[in-house]
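Below is one structure, written out as structure tokens, with a few remarks after it.
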Amino acid sequence: MGVPAVPIITARFKELVTTISYKKGIPNMRITYTPHPITDRPAELCRQYIAGNDPNSGQPMLGQIYAGLSRPLSAEDSKAGFLPREERTRLLPPDTPEHLMEYFHEQGFTDGSPVILPTEEKVAEMLRATSRQPDEWVGQMRPSPPHEAWYYTVEMVAVNAVMAGARPEYFPTILALAGKGVTSMFSSTSSFARMVVVNGPLVDEIGMNTGIGAMGPVNRANSAIGRCWTLISKNLGGSGKPGETYLGSQGNPLNYNNLCFPENEAGLPAGWKPLHVQKGFKKSDSVVSVFSGWSMSDIAWYSPLPIYEVIRGWLEHFFSFGTTQATLVLDPIVAADVAASGHPTKESFAKYLAENTGTPGWLYWSQNEKALEQAKKGVEPYAGWLRQGPGAVVPVSRYTRGAAAGRNPAFMASRDSNETSTSIEIVVTGGGTNTFWSGGDFGYVGSASVDDWR
Amino acid sequence: MKSTAVKILGLALMAAAAASIGWTADPARIVVMNPQGIKPEIRKIPMAARPASLDGKTVYIVDTKYPNTKPFVEELHAALKAKYPATTWVLKDKFGGYMDDDPNLWKEVKAKAAGAIVLVGH
């Protein structure tokens, strides 16, 4: 900006702000902290905070702000140049496997569980599974937009693939994931989750599980590929350091494996395209697709209603942080039931759902303050909707593309452009042991060719 | 003298070689690869020079509009006005949501203000 500035931050984020200030090149930034949180606090309490001290420095807050804008700079404050960073070495100092494993845990290189130690021999074996050169750049990744991006080569991805327990034949899929440059541990105070869906001939080639337990820990390829994305995100993308590059208040257990599973293409009803074909790839292509959200619910439910109607009702009342997007993961026999009830394609079913779901009143009014003001002034149709009470359903869909685009703009900007006309995605997987399905607040981020990395 | 120096050098080389052999041949110790990526260099940004006093100057208070923090922002504005009346404190909402950039506002701050306070949730 080029003018004196003092940021005011809540005290909970001191670690984050200190490291970001350093990485942005202003290590002595004059920050004033307030007690945390300030959201939803009454004016009287805010007044007390402001009249009090910065909880970190112990200095009166107002005086510190004023001094931050007017106190002369030190010689260090005015200096240009480069700040020191530790040198990266290709190999780590030799040690016993036990000590190295502890070192990996201490450094945050793992997901908390033991990893395979990446010796040069194991990494070389992994590298033989791709035609790409070890020193070729794969991409860059950052924990979230304010953070710096880290860069990585094919060899560095291979190191993490070894650590995750991947077999060499999984490596092109892992490279394709890494090449997307999307972290699996997006840093936000809400605890994001990611999902990986694999399509194409590769699924059978590497023995992924599309059947019973496809989303569970029963298959090496499903598990290792999903796990590797998190190791890559931490080690190559700089993510996952609590307080600094990861802020999810409660964390998300889905981050361990990122819901990695293949679509059961053989189980798709006639006319339902595989996900990768929906996204513009050929059926013969092998593709990895990435989704982002927060949560996934398993719906084991019997009802006299047709199953598509149960799904519609669930979508209408479904509530989480991601209120404007949804992904349905249908078992093949659920997909068959839905198709038989008059939905010849995934797209037509998604369109039906988007057009026939409203929004619970309490949720609609809590997200649409201007509409609430209009309603209170008697402006129709809002006033009529409000009169029906907070439990009534407002006839406004949450699942149109426009609604989705209005959320999390920085994150949405990273998405590919080939979205469907609704924000509802449908994927089919599972072993057909019952008419159950899963649904959650995941939205499509993008896809990448695995074949490009073979 | 010369032969002593050669002997010492020879011993030193042998010791280094032995240490090196021991170092790599120790079956209990292994060498593994660094799993981390490459971090970018950090270019230091000199801070903007401060005025000797804010008296008679304008300072912008920029609200990034993190949800439900308006009471804090308004109370801060009122407190600064009361405590430092010789300074003009201007409260401005940043464009868009809290994650959106607002280059036009930064231009305005640079043109009109001697300083800025930027309030970031939570």
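If you're wondering about the labels, chains in the structure tokens are A, B, ... by order shown, residues count from 1 in each chain, ligands from 1 in order shown.
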Once DSSP has gone over the backbone, tell me which residues of segment 311-365 of chain A are in strand (DSSP E), as a ChimeraX atom specification.
/A:326-330,359-360
Save out the residues we just selected, N, CA and C atoms, as a compact mmCIF listing (two decimals), in the first residue's frame.
# COMPACT_ATOMS: atom_id res chain seq x y z
N ALA A 326 -23.79 -29.74 -3.32
CA ALA A 326 -23.96 -31.09 -2.77
C ALA A 326 -23.41 -32.11 -3.76
N THR A 327 -22.92 -33.19 -3.20
CA THR A 327 -22.51 -34.34 -4.01
C THR A 327 -23.19 -35.58 -3.45
N LEU A 328 -23.81 -36.33 -4.34
CA LEU A 328 -24.45 -37.59 -3.95
C LEU A 328 -23.58 -38.74 -4.42
N VAL A 329 -23.29 -39.65 -3.52
CA VAL A 329 -22.55 -40.86 -3.89
C VAL A 329 -23.53 -42.02 -3.75
N LEU A 330 -24.02 -42.49 -4.88
CA LEU A 330 -25.10 -43.48 -4.89
C LEU A 330 -24.54 -44.88 -5.08
N THR A 359 -35.65 -24.20 0.48
CA THR A 359 -34.70 -23.97 1.57
C THR A 359 -35.48 -23.81 2.87
N PRO A 360 -35.11 -24.53 3.94
CA PRO A 360 -35.81 -24.33 5.22
C PRO A 360 -35.80 -22.85 5.60
Contacts of Pro51 of chain B at 8 Å or less, counting only C-alpha atoms, minus same-chain residues fewer than 4 places along, as a ChimeraX atom specification?
/A:69-72 /B:114
Save out the residues we just selected, C-alpha atoms, as a compact mmCIF listing (two decimals), in the first residue's frame.
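Output saved as out38.txt:
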# COMPACT_ATOMS: atom_id res chain seq x y z
CA LEU A 69 1.38 4.52 12.84
CA SER A 70 3.72 7.25 14.11
CA ARG A 71 6.78 5.74 15.85
CA PRO A 72 9.93 6.21 13.72
CA ALA B 114 -1.27 9.26 6.39
Find the residues near segment 84-89 of chain B: any atom within 6 Å, counting only C-alpha atoms, skip ones fewer than 5 places away on the same chain, and give them as a PyMOL selection string.
chain B and resi 54-60
Can you build me a table of chain B residues sitting at most 8 Å from chain A, with the closest atom pair per residue and its distance in Å to one decimal, using only C-alpha atoms, sorted by chain and residue number, as JSON lines?
{"residue": "B:Ala28", "atom": "CA", "partner": "A:Thr96", "partner_atom": "CA", "distance": 5.4}
{"residue": "B:Arg29", "atom": "CA", "partner": "A:Thr96", "partner_atom": "CA", "distance": 4.2}
{"residue": "B:Ile30", "atom": "CA", "partner": "A:Pro94", "partner_atom": "CA", "distance": 5.2}
{"residue": "B:Val31", "atom": "CA", "partner": "A:Pro94", "partner_atom": "CA", "distance": 4.6}
{"residue": "B:Val32", "atom": "CA", "partner": "A:Thr119", "partner_atom": "CA", "distance": 4.3}
{"residue": "B:Met33", "atom": "CA", "partner": "A:Leu91", "partner_atom": "CA", "distance": 4.4}
{"residue": "B:Asn34", "atom": "CA", "partner": "A:Leu91", "partner_atom": "CA", "distance": 5.3}
{"residue": "B:Pro35", "atom": "CA", "partner": "A:Val159", "partner_atom": "CA", "distance": 5.7}
{"residue": "B:Gln36", "atom": "CA", "partner": "A:Asn235", "partner_atom": "CA", "distance": 4.5}
{"residue": "B:Gly37", "atom": "CA", "partner": "A:Leu236", "partner_atom": "CA", "distance": 4.2}
{"residue": "B:Ile38", "atom": "CA", "partner": "A:Tyr151", "partner_atom": "CA", "distance": 5.0}
{"residue": "B:Lys39", "atom": "CA", "partner": "A:Trp150", "partner_atom": "CA", "distance": 4.9}
{"residue": "B:Pro40", "atom": "CA", "partner": "A:Trp150", "partner_atom": "CA", "distance": 6.5}
{"residue": "B:Glu41", "atom": "CA", "partner": "A:Phe82", "partner_atom": "CA", "distance": 7.2}
{"residue": "B:Ile42", "atom": "CA", "partner": "A:Leu83", "partner_atom": "CA", "distance": 5.5}
{"residue": "B:Arg43", "atom": "CA", "partner": "A:Phe82", "partner_atom": "CA", "distance": 4.5}
{"residue": "B:Lys44", "atom": "CA", "partner": "A:Gly25", "partner_atom": "CA", "distance": 4.1}
{"residue": "B:Ile45", "atom": "CA", "partner": "A:Gly25", "partner_atom": "CA", "distance": 5.2}
{"residue": "B:Pro46", "atom": "CA", "partner": "A:Ser78", "partner_atom": "CA", "distance": 4.5}
{"residue": "B:Met47", "atom": "CA", "partner": "A:Ser78", "partner_atom": "CA", "distance": 5.6}
{"residue": "B:Ala48", "atom": "CA", "partner": "A:Pro4", "partner_atom": "CA", "distance": 5.2}
{"residue": "B:Ala49", "atom": "CA", "partner": "A:Leu73", "partner_atom": "CA", "distance": 6.6}
{"residue": "B:Arg50", "atom": "CA", "partner": "A:Ser70", "partner_atom": "CA", "distance": 5.0}
{"residue": "B:Pro51", "atom": "CA", "partner": "A:Ser70", "partner_atom": "CA", "distance": 5.4}
{"residue": "B:Ala52", "atom": "CA", "partner": "A:Ser70", "partner_atom": "CA", "distance": 5.8}
{"residue": "B:Ser53", "atom": "CA", "partner": "A:Ser70", "partner_atom": "CA", "distance": 5.8}
{"residue": "B:Leu54", "atom": "CA", "partner": "A:Ser70", "partner_atom": "CA", "distance": 6.7}
{"residue": "B:Pro67", "atom": "CA", "partner": "A:Thr39", "partner_atom": "CA", "distance": 6.8}
{"residue": "B:Asn68", "atom": "CA", "partner": "A:Thr39", "partner_atom": "CA", "distance": 5.1}
{"residue": "B:Thr69", "atom": "CA", "partner": "A:Thr39", "partner_atom": "CA", "distance": 4.8}
{"residue": "B:Pro71", "atom": "CA", "partner": "A:Ala43", "partner_atom": "CA", "distance": 5.1}
{"residue": "B:Phe72", "atom": "CA", "partner": "A:Cys46", "partner_atom": "CA", "distance": 5.1}
{"residue": "B:Glu75", "atom": "CA", "partner": "A:Arg47", "partner_atom": "CA", "distance": 5.8}
{"residue": "B:Leu76", "atom": "CA", "partner": "A:Ile50", "partner_atom": "CA", "distance": 6.4}
{"residue": "B:Ala79", "atom": "CA", "partner": "A:Ile50", "partner_atom": "CA", "distance": 7.5}
{"residue": "B:Leu80", "atom": "CA", "partner": "A:Leu62", "partner_atom": "CA", "distance": 7.0}
{"residue": "B:Met99", "atom": "CA", "partner": "A:Ala410", "partner_atom": "CA", "distance": 6.6}
{"residue": "B:Asp100", "atom": "CA", "partner": "A:Ala410", "partner_atom": "CA", "distance": 7.4}
{"residue": "B:Trp106", "atom": "CA", "partner": "A:Met1", "partner_atom": "CA", "distance": 6.0}
{"residue": "B:Lys107", "atom": "CA", "partner": "A:Met1", "partner_atom": "CA", "distance": 7.6}
{"residue": "B:Val109", "atom": "CA", "partner": "A:Val3", "partner_atom": "CA", "distance": 7.8}
{"residue": "B:Lys110", "atom": "CA", "partner": "A:Val3", "partner_atom": "CA", "distance": 6.1}
{"residue": "B:Ala113", "atom": "CA", "partner": "A:Val3", "partner_atom": "CA", "distance": 7.8}
{"residue": "B:Ala114", "atom": "CA", "partner": "A:Val3", "partner_atom": "CA", "distance": 6.5}
{"residue": "B:Gly115", "atom": "CA", "partner": "A:Pro4", "partner_atom": "CA", "distance": 4.6}
{"residue": "B:Ala116", "atom": "CA", "partner": "A:Ala5", "partner_atom": "CA", "distance": 4.7}
{"residue": "B:Ile117", "atom": "CA", "partner": "A:Val6", "partner_atom": "CA", "distance": 4.8}
{"residue": "B:Val118", "atom": "CA", "partner": "A:Pro7", "partner_atom": "CA", "distance": 4.7}
{"residue": "B:Leu119", "atom": "CA", "partner": "A:Ile8", "partner_atom": "CA", "distance": 4.9}
{"residue": "B:Val120", "atom": "CA", "partner": "A:Ile9", "partner_atom": "CA", "distance": 5.6}
{"residue": "B:Gly121", "atom": "CA", "partner": "A:Ile9", "partner_atom": "CA", "distance": 6.7}
{"residue": "B:His122", "atom": "CA", "partner": "A:Thr39", "partner_atom": "CA", "distance": 5.6}
Preceding selection exported with C-alpha atoms as a tab-separated table (two decimals), in the first residue's frame:
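Now in part_38.tsv:
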chain	number	residue	atom	x	y	z
B	28	ALA	CA	21.86	-49.59	11.64
B	29	ARG	CA	21.91	-46.22	9.90
B	30	ILE	CA	20.22	-45.42	6.63
B	31	VAL	CA	19.93	-42.42	4.37
B	32	VAL	CA	16.49	-41.22	3.33
B	33	MET	CA	15.27	-38.50	1.01
B	34	ASN	CA	13.88	-35.16	2.05
B	35	PRO	CA	10.08	-35.18	1.58
B	36	GLN	CA	9.71	-31.41	1.55
B	37	GLY	CA	9.21	-29.18	-1.46
B	38	ILE	CA	11.05	-25.99	-2.30
B	39	LYS	CA	10.13	-22.86	-0.42
B	40	PRO	CA	10.32	-19.54	-2.27
B	41	GLU	CA	12.79	-16.87	-1.32
B	42	ILE	CA	11.44	-14.06	0.82
B	43	ARG	CA	12.06	-10.55	-0.43
B	44	LYS	CA	12.03	-8.10	2.46
B	45	ILE	CA	9.70	-5.14	2.05
B	46	PRO	CA	10.84	-1.90	3.71
B	47	MET	CA	8.10	-0.51	5.92
B	48	ALA	CA	6.53	2.85	5.01
B	49	ALA	CA	8.08	5.84	6.77
B	50	ARG	CA	6.02	7.10	9.72
B	51	PRO	CA	5.02	10.73	10.20
B	52	ALA	CA	6.32	12.36	13.39
B	53	SER	CA	2.76	13.01	14.48
B	54	LEU	CA	-0.76	12.17	13.31
B	67	PRO	CA	-19.10	-11.45	9.54
B	68	ASN	CA	-20.64	-10.02	12.70
B	69	THR	CA	-17.73	-7.82	13.76
B	71	PRO	CA	-19.79	-3.47	16.66
B	72	PHE	CA	-16.05	-3.79	17.28
B	75	GLU	CA	-16.46	1.10	18.80
B	76	LEU	CA	-12.83	1.36	17.67
B	79	ALA	CA	-12.66	5.41	20.73
B	80	LEU	CA	-9.94	6.70	18.40
B	99	MET	CA	-11.40	-12.37	1.17
B	100	ASP	CA	-11.76	-9.93	-1.74
B	106	TRP	CA	-5.74	1.02	-1.41
B	107	LYS	CA	-5.20	3.74	-4.05
B	109	VAL	CA	-5.76	5.36	1.11
B	110	LYS	CA	-2.43	6.16	-0.49
B	113	ALA	CA	-4.38	9.12	4.23
B	114	ALA	CA	-1.27	9.26	6.39
B	115	GLY	CA	-1.97	5.75	7.62
B	116	ALA	CA	-4.43	2.90	7.75
B	117	ILE	CA	-5.77	0.47	10.30
B	118	VAL	CA	-6.95	-2.76	8.70
B	119	LEU	CA	-9.29	-4.91	10.75
B	120	VAL	CA	-9.32	-8.62	10.06
B	121	GLY	CA	-11.94	-10.86	11.86
B	122	HIS	CA	-12.63	-13.25	13.67
Pairwise distance for atom CA of Met215 of chain A and atom CA of Gln107 of chain A, rounded to one decimal in Å
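Separation of atom CA of Met215 of chain A and atom CA of Gln107 of chain A: 29.7 Å.
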For Pro262 of chain A, work out the shell of residues within 6 Å, counting only C-alpha atoms and skipping chain neighbours fewer than 6 positions away, then give it as a ChimeraX atom specification.
/A:197-199,210
Based on the selection just made, write C-alpha atoms of those residues as a CSV table (one decimal), in the first residue's frame.
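Dumped everything to again-v2.csv:
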chain,number,residue,atom,x,y,z
A,197,VAL,CA,-12.8,-39.8,-7.5
A,198,VAL,CA,-10.9,-41.9,-10.0
A,199,ASN,CA,-12.3,-43.0,-13.4
A,210,THR,CA,-15.3,-50.0,-6.7
